[in-house]
$ cat upload.cif   # mmCIF, C-alpha atoms
data_model
#
loop_
_atom_site.label_atom_id
_atom_site.label_comp_id
_atom_site.auth_asym_id
_atom_site.auth_seq_id
_atom_site.Cartn_x
_atom_site.Cartn_y
_atom_site.Cartn_z
CA MET A 1 -46.60 51.58 36.71
CA PHE A 2 -44.71 54.36 34.97
CA MET A 3 -46.73 56.64 32.72
CA SER A 4 -48.05 55.47 29.37
CA PRO A 5 -45.62 55.30 26.42
CA GLN A 6 -47.60 58.08 24.71
CA LYS A 7 -47.21 60.45 27.62
CA ARG A 8 -43.57 59.49 28.07
CA ASP A 9 -42.87 60.20 24.41
CA TRP A 10 -44.61 63.55 24.83
CA LEU A 11 -42.40 64.39 27.79
CA LYS A 12 -39.30 63.38 25.87
CA GLY A 13 -40.09 66.10 23.39
CA TYR A 14 -39.64 68.67 26.12
CA PHE A 15 -37.22 67.20 28.62
CA GLN A 16 -34.01 65.38 28.94
CA MET A 17 -34.12 62.78 31.68
CA VAL A 18 -31.97 61.56 34.51
CA LYS A 19 -32.75 57.98 35.52
CA LEU A 20 -31.58 56.63 38.85
CA THR A 21 -32.06 53.66 41.14
CA LEU A 22 -32.39 55.07 44.65
CA GLU A 23 -32.54 53.51 48.09
CA ASN A 24 -34.48 55.13 50.93
CA PHE A 25 -36.25 57.52 48.56
CA ASN A 26 -40.02 57.73 48.24
CA LEU A 27 -41.73 60.64 46.51
CA ALA A 28 -45.11 60.05 48.15
CA GLN A 29 -43.58 60.07 51.61
CA ILE A 30 -41.53 63.19 50.93
CA CYS A 31 -44.59 64.96 49.52
CA GLN A 32 -46.66 64.11 52.60
CA SER A 33 -43.97 64.67 55.22
CA GLY A 34 -44.86 68.26 56.06
CA GLN A 35 -41.55 69.83 55.04
CA CYS A 36 -42.29 70.85 51.44
CA PHE A 37 -45.46 72.71 50.51
CA ARG A 38 -44.94 73.20 46.76
CA MET A 39 -44.73 69.54 45.82
CA LYS A 40 -47.79 67.66 44.59
CA GLU A 41 -48.87 64.46 42.93
CA LYS A 42 -49.93 65.22 39.35
CA SER A 43 -50.99 61.68 38.50
CA GLU A 44 -50.17 58.19 39.69
CA ASN A 45 -46.42 58.03 40.44
CA LEU A 46 -45.82 61.43 38.81
CA TYR A 47 -45.00 64.45 40.97
CA SER A 48 -44.15 68.09 40.39
CA VAL A 49 -42.18 70.38 42.66
CA ILE A 50 -41.51 74.11 42.52
CA ALA A 51 -38.48 75.47 44.36
CA GLY A 52 -37.81 79.17 43.93
CA ARG A 53 -37.78 79.64 40.15
CA HIS A 54 -37.17 75.94 39.45
CA TYR A 55 -39.84 73.53 38.24
CA LEU A 56 -39.41 69.76 38.07
CA GLU A 57 -41.51 66.74 37.24
CA LEU A 58 -40.33 63.37 38.48
CA GLU A 59 -41.65 59.86 38.44
CA GLN A 60 -41.07 56.77 40.54
CA GLN A 61 -41.78 53.06 40.38
CA GLY A 62 -40.20 51.11 43.21
CA LYS A 63 -36.58 52.19 43.44
CA GLU A 64 -36.49 53.47 39.86
CA CYS A 65 -36.79 57.25 39.51
CA ILE A 66 -36.88 59.54 36.51
CA PHE A 67 -36.08 63.24 36.91
CA TYR A 68 -37.41 65.16 33.89
CA CYS A 69 -34.61 67.69 33.57
CA ASP A 70 -31.23 67.86 31.91
CA ASP A 71 -28.11 66.51 33.54
CA ALA A 72 -26.71 69.94 34.37
CA GLU A 73 -29.82 71.10 36.22
CA PHE A 74 -30.05 67.80 38.07
CA HIS A 75 -26.46 67.98 39.32
CA ASP A 76 -26.47 71.74 39.92
CA PHE A 77 -29.75 71.91 41.84
CA TRP A 78 -31.99 68.87 42.32
CA LYS A 79 -29.35 66.40 43.49
CA ALA A 80 -28.63 68.56 46.52
CA TYR A 81 -32.26 69.62 46.94
CA PHE A 82 -33.33 66.00 47.50
CA ASP A 83 -30.18 65.25 49.55
CA LEU A 84 -29.41 62.29 47.31
CA GLU A 85 -25.91 61.88 48.73
CA GLY A 86 -27.23 61.46 52.28
CA ASP A 87 -26.78 57.95 53.71
CA TYR A 88 -30.20 57.39 55.20
CA ALA A 89 -29.68 53.65 55.60
CA SER A 90 -26.86 54.45 58.03
CA TYR A 91 -29.12 56.82 59.95
CA ILE A 92 -31.74 54.10 60.32
CA GLY A 93 -29.06 51.61 61.27
CA LYS A 94 -28.16 53.72 64.30
CA ILE A 95 -31.57 53.27 65.91
CA ALA A 96 -31.43 51.25 69.12
CA PRO A 97 -32.60 47.68 68.41
CA ASN A 98 -34.83 47.67 71.49
CA ASP A 99 -36.66 50.88 70.50
CA SER A 100 -39.54 49.18 68.69
CA TYR A 101 -41.52 52.41 68.26
CA LEU A 102 -38.70 54.28 66.51
CA ASN A 103 -37.77 51.27 64.40
CA ASN A 104 -41.39 50.96 63.27
CA ALA A 105 -41.54 54.69 62.48
CA ALA A 106 -38.31 54.53 60.47
CA GLU A 107 -39.51 51.49 58.55
CA PHE A 108 -42.83 53.19 57.79
CA GLY A 109 -41.20 56.42 56.52
CA CYS A 110 -37.86 55.09 55.29
CA GLY A 111 -38.17 56.95 51.97
CA ILE A 112 -38.19 60.43 53.51
CA ARG A 113 -35.27 62.74 52.77
CA ILE A 114 -34.53 66.02 54.53
CA LEU A 115 -34.76 68.46 51.65
CA ARG A 116 -32.31 71.33 51.21
CA GLN A 117 -34.74 74.19 50.65
CA ASP A 118 -34.41 77.95 50.33
CA LEU A 119 -34.02 79.77 53.66
CA TRP A 120 -36.35 82.67 52.82
CA GLU A 121 -39.05 80.35 51.50
CA MET A 122 -38.85 78.17 54.62
CA ILE A 123 -39.04 81.17 56.95
CA VAL A 124 -42.29 82.27 55.32
CA SER A 125 -43.65 78.73 55.02
CA PHE A 126 -43.20 77.92 58.67
CA LEU A 127 -44.45 81.30 59.85
CA ILE A 128 -47.61 80.35 57.97
CA SER A 129 -47.57 76.83 59.43
CA GLN A 130 -48.42 77.95 62.96
CA GLN A 131 -51.78 76.62 64.17
CA ASN A 132 -52.38 75.37 60.64
CA ASN A 133 -52.69 72.10 58.72
CA ILE A 134 -50.70 70.97 55.69
CA ALA A 135 -53.53 71.40 53.15
CA ARG A 136 -54.23 74.94 54.28
CA ILE A 137 -50.54 75.85 54.39
CA ARG A 138 -50.25 74.72 50.77
CA ARG A 139 -53.19 76.92 49.76
CA CYS A 140 -51.81 79.94 51.59
CA ILE A 141 -48.43 79.59 49.90
CA GLU A 142 -50.04 79.06 46.52
CA ASN A 143 -52.06 82.24 47.08
CA ILE A 144 -49.09 84.44 47.94
CA CYS A 145 -47.06 83.02 45.03
CA GLU A 146 -49.84 83.74 42.55
CA CYS A 147 -50.38 87.24 43.92
CA TYR A 148 -46.77 88.33 44.48
CA GLY A 149 -44.45 85.83 42.76
CA GLU A 150 -43.01 86.11 39.27
CA LYS A 151 -45.12 84.41 36.60
CA LEU A 152 -43.11 81.75 34.79
CA VAL A 153 -43.73 79.02 32.20
CA ASN A 154 -42.48 75.44 32.36
CA ALA A 155 -41.39 73.29 29.42
CA HIS A 156 -45.00 72.20 28.78
CA GLY A 157 -46.06 75.82 28.38
CA GLU A 158 -47.87 75.68 31.73
CA THR A 159 -47.83 78.67 34.04
CA PHE A 160 -46.30 78.48 37.49
CA TYR A 161 -45.21 81.12 39.98
CA ALA A 162 -41.88 81.67 41.65
CA PHE A 163 -41.82 82.18 45.39
CA PRO A 164 -42.11 85.94 46.04
CA ALA A 165 -38.93 87.79 46.92
CA PRO A 166 -38.75 89.59 50.29
CA GLU A 167 -38.97 92.93 48.50
CA ALA A 168 -42.31 91.95 46.95
CA LEU A 169 -43.84 91.52 50.41
CA ALA A 170 -41.93 94.16 52.36
CA CYS A 171 -43.91 97.03 50.83
CA LEU A 172 -47.28 95.64 51.89
CA GLU A 173 -49.48 96.72 54.76
CA GLU A 174 -49.18 94.31 57.67
CA ASN A 175 -52.66 92.90 57.12
CA ALA A 176 -52.45 92.68 53.31
CA LEU A 177 -51.81 88.95 53.27
CA MET A 178 -55.07 88.27 55.05
CA GLU A 179 -56.48 88.34 51.52
CA CYS A 180 -54.31 85.26 50.86
CA ASN A 181 -55.91 83.55 53.89
CA LEU A 182 -52.90 84.01 56.18
CA GLY A 183 -55.02 85.51 58.96
CA TYR A 184 -52.99 86.85 61.90
CA ARG A 185 -49.83 85.37 60.33
CA SER A 186 -49.91 88.17 57.73
CA LYS A 187 -48.10 90.57 60.03
CA TYR A 188 -45.45 87.95 60.83
CA VAL A 189 -44.61 87.50 57.15
CA VAL A 190 -44.70 91.20 56.23
CA ARG A 191 -42.54 92.29 59.17
CA THR A 192 -40.05 89.53 58.43
CA ALA A 193 -39.96 90.51 54.75
CA ARG A 194 -39.14 94.06 55.82
CA ALA A 195 -36.33 92.82 58.06
CA VAL A 196 -34.82 90.79 55.20
CA ALA A 197 -35.30 93.46 52.53
CA SER A 198 -33.70 96.13 54.71
CA GLY A 199 -30.71 93.96 55.57
CA GLU A 200 -31.60 93.85 59.24
CA PHE A 201 -31.84 90.06 58.90
CA ASP A 202 -29.03 88.74 56.69
CA LEU A 203 -30.09 85.48 55.01
CA GLU A 204 -26.60 84.75 53.71
CA ALA A 205 -25.00 85.27 57.11
CA VAL A 206 -27.54 83.03 58.84
CA GLY A 207 -26.90 80.37 56.24
CA GLN A 208 -23.27 80.19 57.39
CA MET A 209 -24.04 79.94 61.11
CA SER A 210 -23.95 76.94 63.40
CA TYR A 211 -27.24 75.41 64.48
CA GLY A 212 -27.26 77.25 67.80
CA GLU A 213 -26.37 80.60 66.25
CA ALA A 214 -28.91 80.25 63.44
CA ARG A 215 -31.66 79.22 65.87
CA GLU A 216 -30.96 82.24 68.05
CA ALA A 217 -31.00 84.58 65.06
CA LEU A 218 -34.30 83.12 63.81
CA LEU A 219 -35.91 83.46 67.23
CA ALA A 220 -35.32 87.21 67.02
CA LEU A 221 -37.75 87.44 64.07
CA PHE A 222 -41.29 88.55 64.87
CA GLY A 223 -43.56 85.51 65.12
CA VAL A 224 -40.81 82.86 65.21
CA GLY A 225 -40.95 80.51 68.19
CA GLU A 226 -38.85 77.48 69.03
CA LYS A 227 -40.74 75.00 66.83
CA VAL A 228 -40.69 77.30 63.80
CA ALA A 229 -37.00 78.09 64.29
CA ASP A 230 -36.15 74.40 64.45
CA CYS A 231 -38.21 73.63 61.34
CA ILE A 232 -36.34 76.33 59.43
CA CYS A 233 -32.98 75.07 60.70
CA LEU A 234 -33.84 71.51 59.66
CA PHE A 235 -35.55 72.03 56.31
CA ALA A 236 -33.63 75.05 54.99
CA LEU A 237 -30.23 74.97 56.69
CA HIS A 238 -30.02 71.16 56.87
CA LYS A 239 -29.09 71.24 60.53
CA LEU A 240 -29.88 67.59 61.23
CA GLU A 241 -29.50 68.12 64.97
CA ALA A 242 -32.64 70.28 64.99
CA PHE A 243 -35.63 68.47 66.53
CA PRO A 244 -38.87 70.46 66.01
CA VAL A 245 -41.56 69.67 68.57
CA ASP A 246 -45.13 70.21 67.42
CA THR A 247 -48.38 68.63 68.64
CA HIS A 248 -47.71 65.30 66.88
CA ILE A 249 -44.19 65.02 68.24
CA ARG A 250 -45.20 66.12 71.73
CA GLN A 251 -47.88 63.45 71.89
CA ALA A 252 -45.45 60.77 70.69
CA LEU A 253 -42.86 61.82 73.27
CA GLN A 254 -45.41 61.73 76.07
CA ILE A 255 -46.38 58.16 75.18
CA HIS A 256 -43.09 56.61 74.06
CA TYR A 257 -40.35 58.74 75.64
CA LYS A 258 -41.55 59.78 79.07
CA ARG A 259 -37.97 60.60 80.10
CA GLY A 260 -37.38 62.58 76.93
CA PHE A 261 -36.12 61.65 73.49
CA PRO A 262 -32.54 60.26 73.66
CA LYS A 263 -30.97 63.07 71.64
CA ARG A 264 -27.45 62.37 72.85
CA ARG A 265 -27.56 58.87 71.45
CA TYR A 266 -28.59 60.23 68.05
CA GLN A 267 -26.39 63.31 67.99
CA GLY A 268 -26.35 64.82 64.52
CA ILE A 269 -29.34 62.91 63.10
CA GLN A 270 -32.11 63.89 65.53
CA GLY A 271 -33.96 65.77 62.80
CA VAL A 272 -34.06 62.76 60.50
CA LEU A 273 -35.58 60.66 63.27
CA GLN A 274 -38.01 63.47 64.07
CA GLN A 275 -39.33 63.24 60.52
CA TYR A 276 -39.86 59.50 60.82
CA ILE A 277 -41.82 60.06 64.03
CA PHE A 278 -43.81 62.96 62.58
CA TYR A 279 -44.75 61.06 59.43
CA TYR A 280 -45.60 57.93 61.42
CA GLU A 281 -47.89 59.92 63.71
CA LEU A 282 -49.44 61.88 60.84
CA ALA A 283 -49.81 59.19 58.18
CA GLY A 284 -49.52 55.97 60.15
CA ALA A 285 -52.86 56.49 61.89
CA ARG A 286 -54.60 57.08 58.55
CA TYR A 287 -52.94 53.99 57.14
CA ALA A 288 -54.06 51.90 60.10
CA ASP A 289 -57.61 53.24 59.71
CA GLY A 290 -57.67 52.39 56.01
CA ARG A 291 -57.73 56.05 54.97
CA MET A 292 -54.58 55.94 52.84
#
$ encode --input "upload.cif" --output "structure tokens"
Amino acid sequence: MFMSPQKRDWLKGYFQMVKLTLENFNLAQICQSGQCFRMKEKSENLYSVIAGRHYLELEQQGKECIFYCDDAEFHDFWKAYFDLEGDYASYIGKIAPNDSYLNNAAEFGCGIRILRQDLWEMIVSFLISQQNNIARIRRCIENICECYGEKLVNAHGETFYAFPAPEALACLEENALMECNLGYRSKYVVRTARAVASGEFDLEAVGQMSYGEAREALLALFGVGEKVADCICLFALHKLEAFPVDTHIRQALQIHYKRGFPKRRYQGIQGVLQQYIFYYELAGARYADGRM
């Protein structure tokens, strides 16, 4: 159910709302899909997400969604962020009828959207993601935001922290972020921050590149390998042809696609299908075991 009338009335005192009926949109699945590390469930059906300096609370019951923000902010930022104009039903409809595994994965995670996130934030997030799990990645990012991000206040008067700018991290010693539990990844983030702050790595220019060009540019950053580069291309640059291969995906390919994933068949939407597979492998097993 949606929140209690008392809480809803309280929220109305602070927020304007945008109410929508959405297909192929599920907040729980998006939150758990491993692409966004500053989104969390605050209470049943109510989620919060921080993106850069933006803070949003949103609520869902079935296909009905409420975005607790004004119309201008929704259309200027959150509509694109959640890729609400993407036709995910058409993506699912392109799956080969005889591919039972992929059809099952798409059905299980049909509410996932490929978010349009900030390039700098995704570079840091996926540098941190290496040899790491989602819960720990979230904690690491929360730590660096609290230590080096700008302190802000949402409409409830609650404190939250913006994602730190490159300049805030570029001045650090290479091992400084070990205090935020980044471990060996500290030097990856600090060196990359220096490259961005100095202009050696041009975020705006990379944002205008093709998938192949952007991937090549990202691979030149210290600590960025193929999987990380593809994650950044998919979740920041919205290059839907990117197909990140991590342990979960590799295992699925070995079992279900011994000749390789049919990327040519799904040209231009490989990344969407990758997310269905990833979520199915990550959450489907827990669901089957009764742990969700």
$ residues_around --input "upload.cif" --residues "Cys110 (chain A)" --least-positions-apart "6" --cutoff "12 Å" --atoms "only C-alpha atoms" --output "number ranges by chain"
A: 22-30, 33, 87-93, 102-104, 272-273, 275-277, 279-280
$ resolve_selection --input "upload.cif" --expression "the PyMOL selection byres ((chain A and resi 145) around 10)" --output "PyMOL selection string"
chain A and resi 139-144+146-151+160-165+180
$ resolve_selection --input "upload.cif" --expression "the PyMOL selection byres ((chain A and resi 196-213) around 8)" --output "list in words"
Leu119, Trp120, Pro166, Glu167, Ala170, Thr192, Ala193, Arg194, Ala195, Ala214, Arg215, Glu216, Ala217, Cys233, Leu237, Lys239, Glu241 and Ala242 of chain A
$ atom_distance --input "upload.cif" --atom1 "CA of Lys19 (chain A)" --atom2 "CA of Tyr81 (chain A)"
16.3 Å
$ axis_aligned_box --input "upload.cif" --around "region 166-182 of chain A" --padding-each-side "8 Å" --output "AutoDock Vina command-line options"
--center_x -47.6 --center_y 90.3 --center_z 52.3 --size_x 33.7 --size_y 29.5 --size_z 26.7
